[in-house]
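Shown here: my_file.pdb, PDB, C-alpha atoms.
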ATOM      1  CA  MET Q 693    -153.306  61.416  38.569
ATOM      2  CA  THR Q 694    -150.421  58.999  38.046
ATOM      3  CA  GLU Q 695    -148.561  57.736  41.101
ATOM      4  CA  TYR Q 696    -144.785  57.437  40.781
ATOM      5  CA  GLY Q 697    -144.008  56.594  44.392
ATOM      6  CA  VAL Q 698    -141.999  53.527  45.305
ATOM      7  CA  PRO Q 699    -144.185  50.901  46.987
ATOM      8  CA  LEU Q 700    -142.465  49.976  50.228
ATOM      9  CA  GLY Q 701    -144.693  47.089  51.314
ATOM     10  CA  ARG Q 702    -144.512  43.353  50.793
ATOM     11  CA  ARG Q 703    -141.223  42.343  52.392
ATOM     12  CA  PHE Q 704    -139.167  45.276  51.117
ATOM     13  CA  ARG Q 705    -139.238  44.156  47.485
ATOM     14  CA  ALA Q 706    -138.837  47.764  46.463
ATOM     15  CA  LEU Q 707    -135.852  48.336  48.754
ATOM     16  CA  LYS Q 708    -133.322  47.436  46.036
ATOM     17  CA  LEU Q 709    -134.958  49.892  43.653
ATOM     18  CA  TRP Q 710    -135.047  52.538  46.372
ATOM     19  CA  PHE Q 711    -131.266  52.121  46.924
ATOM     20  CA  VAL Q 712    -130.600  52.499  43.187
ATOM     21  CA  LEU Q 713    -132.768  55.614  43.003
ATOM     22  CA  ARG Q 714    -131.071  57.113  46.063
ATOM     23  CA  TYR Q 715    -127.570  56.353  44.751
ATOM     24  CA  PHE Q 716    -127.952  57.436  41.100
ATOM     25  CA  GLY Q 717    -130.915  59.775  41.192
ATOM     26  CA  ARG Q 718    -133.190  60.217  38.227
ATOM     27  CA  GLU Q 719    -130.536  61.917  36.104
ATOM     28  CA  GLY Q 720    -127.981  59.190  36.835
ATOM     29  CA  ILE Q 721    -130.374  56.422  35.859
ATOM     30  CA  VAL Q 722    -131.295  58.239  32.656
ATOM     31  CA  ALA Q 723    -127.603  58.764  31.811
ATOM     32  CA  ASN Q 724    -126.787  55.082  32.380
ATOM     33  CA  LEU Q 725    -129.719  53.917  30.270
ATOM     34  CA  ARG Q 726    -128.775  56.277  27.453
ATOM     35  CA  GLU Q 727    -125.184  55.034  27.519
ATOM     36  CA  HIS Q 728    -126.285  51.387  27.404
ATOM     37  CA  ILE Q 729    -128.555  52.135  24.454
ATOM     38  CA  ARG Q 730    -125.722  53.986  22.695
ATOM     39  CA  LEU Q 731    -123.383  51.017  23.185
ATOM     40  CA  ALA Q 732    -126.034  48.629  21.864
ATOM     41  CA  GLN Q 733    -126.438  50.869  18.814
ATOM     42  CA  LYS Q 734    -122.672  50.752  18.295
ATOM     43  CA  PHE Q 735    -122.729  46.938  18.349
ATOM     44  CA  ALA Q 736    -125.739  46.926  15.999
ATOM     45  CA  ALA Q 737    -123.803  49.146  13.586
ATOM     46  CA  CYS Q 738    -121.021  46.525  13.495
ATOM     47  CA  VAL Q 739    -123.583  43.829  12.719
ATOM     48  CA  LYS Q 740    -125.196  45.922   9.961
ATOM     49  CA  ALA Q 741    -121.826  46.751   8.388
ATOM     50  CA  HIS Q 742    -120.702  43.124   8.091
ATOM     51  CA  PRO Q 743    -122.126  41.151   5.153
ATOM     52  CA  ASP Q 744    -122.105  37.832   7.075
ATOM     53  CA  TYR Q 745    -124.307  39.047   9.953
ATOM     54  CA  GLU Q 746    -127.861  40.268  10.156
ATOM     55  CA  LEU Q 747    -129.963  42.092  12.711
ATOM     56  CA  MET Q 748    -133.026  40.079  13.611
ATOM     57  CA  ALA Q 749    -134.974  42.862  15.364
ATOM     58  CA  PRO Q 750    -134.844  46.643  15.718
ATOM     59  CA  VAL Q 751    -132.480  47.846  18.446
ATOM     60  CA  ILE Q 752    -134.705  49.989  20.623
ATOM     61  CA  PHE Q 753    -133.141  49.505  24.038
ATOM     62  CA  SER Q 754    -129.893  47.813  25.056
ATOM     63  CA  THR Q 755    -130.404  44.331  23.600
ATOM     64  CA  VAL Q 756    -129.163  43.450  20.123
ATOM     65  CA  CYS Q 757    -130.726  40.425  18.394
ATOM     66  CA  PHE Q 758    -128.550  39.164  15.542
ATOM     67  CA  ARG Q 759    -127.201  36.071  13.869
ATOM     68  CA  PHE Q 760    -124.250  34.912  11.850
ATOM     69  CA  ARG Q 761    -125.390  34.343   8.287
ATOM     70  CA  PRO Q 762    -122.640  33.551   5.793
ATOM     71  CA  PRO Q 763    -123.761  33.062   2.187
ATOM     72  CA  ARG Q 764    -124.792  29.767   0.631
ATOM     73  CA  ILE Q 765    -125.688  27.963   3.863
ATOM     74  CA  SER Q 766    -129.069  26.334   4.411
ATOM     75  CA  GLU Q 767    -131.353  27.437   7.234
ATOM     76  CA  ILE Q 768    -130.778  24.174   9.112
ATOM     77  CA  GLN Q 769    -127.012  24.650   8.881
ATOM     78  CA  LEU Q 770    -127.398  28.276  10.017
ATOM     79  CA  GLN Q 771    -129.256  27.127  13.142
ATOM     80  CA  ARG Q 772    -126.439  24.709  13.995
ATOM     81  CA  LEU Q 773    -123.741  27.255  13.139
ATOM     82  CA  ASN Q 774    -125.274  29.929  15.375
ATOM     83  CA  ARG Q 775    -125.737  27.456  18.228
ATOM     84  CA  ASN Q 776    -122.052  26.529  17.915
ATOM     85  CA  LEU Q 777    -121.079  30.207  17.803
ATOM     86  CA  LEU Q 778    -123.110  30.887  20.939
ATOM     87  CA  ASP Q 779    -121.401  28.004  22.739
ATOM     88  CA  ALA Q 780    -117.922  29.000  21.515
ATOM     89  CA  VAL Q 781    -118.278  32.607  22.689
ATOM     90  CA  ASN Q 782    -119.772  31.639  26.057
ATOM     91  CA  ARG Q 783    -117.084  29.009  26.683
ATOM     92  CA  THR Q 784    -114.426  31.730  26.648
ATOM     93  CA  GLY Q 785    -115.935  33.298  29.768
ATOM     94  CA  ARG Q 786    -115.150  36.774  28.406
ATOM     95  CA  PHE Q 787    -118.684  37.609  27.276
ATOM     96  CA  PHE Q 788    -122.055  35.972  27.602
ATOM     97  CA  LEU Q 789    -124.556  35.784  24.780
ATOM     98  CA  SER Q 790    -128.071  34.491  25.221
ATOM     99  CA  HIS Q 791    -130.427  33.261  22.517
ATOM    100  CA  THR Q 792    -134.058  33.141  21.476
ATOM    101  CA  GLN Q 793    -136.189  32.096  18.522
ATOM    102  CA  LEU Q 794    -137.349  34.953  16.279
ATOM    103  CA  HIS Q 795    -139.330  34.122  13.162
ATOM    104  CA  ASP Q 796    -138.437  30.442  13.727
ATOM    105  CA  LYS Q 797    -134.715  31.244  13.548
ATOM    106  CA  LEU Q 798    -132.156  30.853  16.309
ATOM    107  CA  THR Q 799    -131.186  34.391  17.262
ATOM    108  CA  LEU Q 800    -128.214  35.469  19.368
ATOM    109  CA  ARG Q 801    -128.657  38.271  21.880
ATOM    110  CA  LEU Q 802    -126.103  40.665  23.297
ATOM    111  CA  ALA Q 803    -127.453  42.759  26.160
ATOM    112  CA  VAL Q 804    -125.624  45.782  27.519
ATOM    113  CA  GLY Q 805    -126.445  46.214  31.188
ATOM    114  CA  ASN Q 806    -123.313  46.438  33.293
ATOM    115  CA  LEU Q 807    -122.450  49.893  34.612
ATOM    116  CA  ARG Q 808    -118.782  49.391  33.739
ATOM    117  CA  THR Q 809    -119.345  48.409  30.101
ATOM    118  CA  THR Q 810    -117.374  50.634  27.723
ATOM    119  CA  GLU Q 811    -116.899  50.962  23.985
ATOM    120  CA  ALA Q 812    -113.749  48.856  24.364
ATOM    121  CA  HIS Q 813    -115.880  45.992  25.708
ATOM    122  CA  ILE Q 814    -118.249  46.281  22.753
ATOM    123  CA  ASP Q 815    -115.287  46.186  20.338
ATOM    124  CA  GLN Q 816    -113.811  43.178  22.170
ATOM    125  CA  ALA Q 817    -117.142  41.335  22.078
ATOM    126  CA  TRP Q 818    -117.552  41.993  18.357
ATOM    127  CA  ASN Q 819    -113.977  40.894  17.619
ATOM    128  CA  LEU Q 820    -114.416  37.718  19.673
ATOM    129  CA  ILE Q 821    -117.700  36.868  17.926
ATOM    130  CA  CYS Q 822    -116.121  37.390  14.501
ATOM    131  CA  ALA Q 823    -113.049  35.320  15.419
ATOM    132  CA  LYS Q 824    -115.133  32.420  16.743
ATOM    133  CA  ALA Q 825    -117.391  32.561  13.673
ATOM    134  CA  ARG Q 826    -114.320  32.477  11.427
ATOM    135  CA  ASP Q 827    -112.977  29.448  13.313
ATOM    136  CA  LEU Q 828    -116.291  27.633  12.864
ATOM    137  CA  THR Q 829    -116.412  28.191   9.109
ATOM    138  CA  LEU Q 830    -112.805  27.226   8.301
TER     139      LEU Q 830
END

Have the structure of the file written as structure tokens, please.
Amino acid sequence: MTEYGVPLGRRFRALKLWFVLRYFGREGIVANLREHIRLAQKFAACVKAHPDYELMAPVIFSTVCFRFRPPRISEIQLQRLNRNLLDAVNRTGRFFLSHTQLHDKLTLRLAVGNLRTTEAHIDQAWNLICAKARDLTL
């Protein structure tokens, strides 16, 4: 038998989770997760459709791993270019990208997790990323 109860010991560590479950309920949590995954898929579709970007990992949940990859640039230059793109986007304060190393390549990550994130935010993030990338390659 599997136990799905919320553990309420150890200094109320589960209290935050309990509040979320009480506020949204199971159906509300499922709906929010599905929406975040849908928005991540929308962003991933933008990445796939653009010839100068590539997905670095499958988009299973709400995190999209990608990088800017214009043609005829060496791998070392791509690492520097993506680091500069990450910094340029984050400096604006409008959106925050994180990064990781996948297959020894600097990879940018966009994670959808805010309850108020909409398709308009995804479009704005994509447009900002493209604009900053364009500025870096001029």

Which neighbours of Q:Leu778 fall inside 12 Å, counting only C-alpha atoms, when residues of the same chain fewer than 4 positions from it are skipped, and could you give them as JSON, numbers by chain?
{"Q": [758, 759, 760, 771, 772, 773, 774, 782, 783, 784, 785, 787, 788, 789, 790, 791, 792, 798, 799, 800, 801, 802, 820, 821, 822, 824, 825, 828]}

Limited to C-alpha atoms, could you put the picked residues into a file as a compact mmCIF listing (two decimals), keeping the file's coordinate frame?
# COMPACT_ATOMS: atom_id res chain seq x y z
CA PHE Q 758 -128.55 39.16 15.54
CA ARG Q 759 -127.20 36.07 13.87
CA PHE Q 760 -124.25 34.91 11.85
CA GLN Q 771 -129.26 27.13 13.14
CA ARG Q 772 -126.44 24.71 14.00
CA LEU Q 773 -123.74 27.26 13.14
CA ASN Q 774 -125.27 29.93 15.38
CA ASN Q 782 -119.77 31.64 26.06
CA ARG Q 783 -117.08 29.01 26.68
CA THR Q 784 -114.43 31.73 26.65
CA GLY Q 785 -115.94 33.30 29.77
CA PHE Q 787 -118.68 37.61 27.28
CA PHE Q 788 -122.06 35.97 27.60
CA LEU Q 789 -124.56 35.78 24.78
CA SER Q 790 -128.07 34.49 25.22
CA HIS Q 791 -130.43 33.26 22.52
CA THR Q 792 -134.06 33.14 21.48
CA LEU Q 798 -132.16 30.85 16.31
CA THR Q 799 -131.19 34.39 17.26
CA LEU Q 800 -128.21 35.47 19.37
CA ARG Q 801 -128.66 38.27 21.88
CA LEU Q 802 -126.10 40.66 23.30
CA LEU Q 820 -114.42 37.72 19.67
CA ILE Q 821 -117.70 36.87 17.93
CA CYS Q 822 -116.12 37.39 14.50
CA LYS Q 824 -115.13 32.42 16.74
CA ALA Q 825 -117.39 32.56 13.67
CA LEU Q 828 -116.29 27.63 12.86

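Nearest to Q:Ile752 of all the residues Q:Arg730, Q:His795, Q:Arg714, Q:Lys708 is Q:Arg730, counting only C-alpha atoms.
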
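Counting all atoms listed in the file and comparing Q:Ala817, Q:Ala823, Q:Ala803, Q:Leu770, the residue that lies closest to Q:Ala732 is Q:Ala803.
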
Could you state the separation of atom CA of Q:Met748 and atom CA of Q:Leu725 in Å, given to one decimal place?
21.9 Å

Explicit residues for the PyMOL selection byres ((chain Q and resi 742) around 12) (as a compact mmCIF listing (two decimals) with C-alpha atoms, keeping the file's coordinate frame):
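Result written to part_17.txt:
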# COMPACT_ATOMS: atom_id res chain seq x y z
CA PHE Q 735 -122.73 46.94 18.35
CA ALA Q 736 -125.74 46.93 16.00
CA ALA Q 737 -123.80 49.15 13.59
CA CYS Q 738 -121.02 46.52 13.50
CA VAL Q 739 -123.58 43.83 12.72
CA LYS Q 740 -125.20 45.92 9.96
CA ALA Q 741 -121.83 46.75 8.39
CA PRO Q 743 -122.13 41.15 5.15
CA ASP Q 744 -122.10 37.83 7.08
CA TYR Q 745 -124.31 39.05 9.95
CA GLU Q 746 -127.86 40.27 10.16
CA LEU Q 747 -129.96 42.09 12.71
CA PHE Q 758 -128.55 39.16 15.54
CA ARG Q 759 -127.20 36.07 13.87
CA PHE Q 760 -124.25 34.91 11.85
CA ARG Q 761 -125.39 34.34 8.29
CA PRO Q 762 -122.64 33.55 5.79
CA TRP Q 818 -117.55 41.99 18.36
CA ASN Q 819 -113.98 40.89 17.62
CA CYS Q 822 -116.12 37.39 14.50

Please evaluate the PyMOL selection byres ((chain Q and resi 810) around 12) against the displayed coordinates and give the resulting residues as number ranges by chain.
Q: 724, 727-732, 734-735, 804-809, 811-817
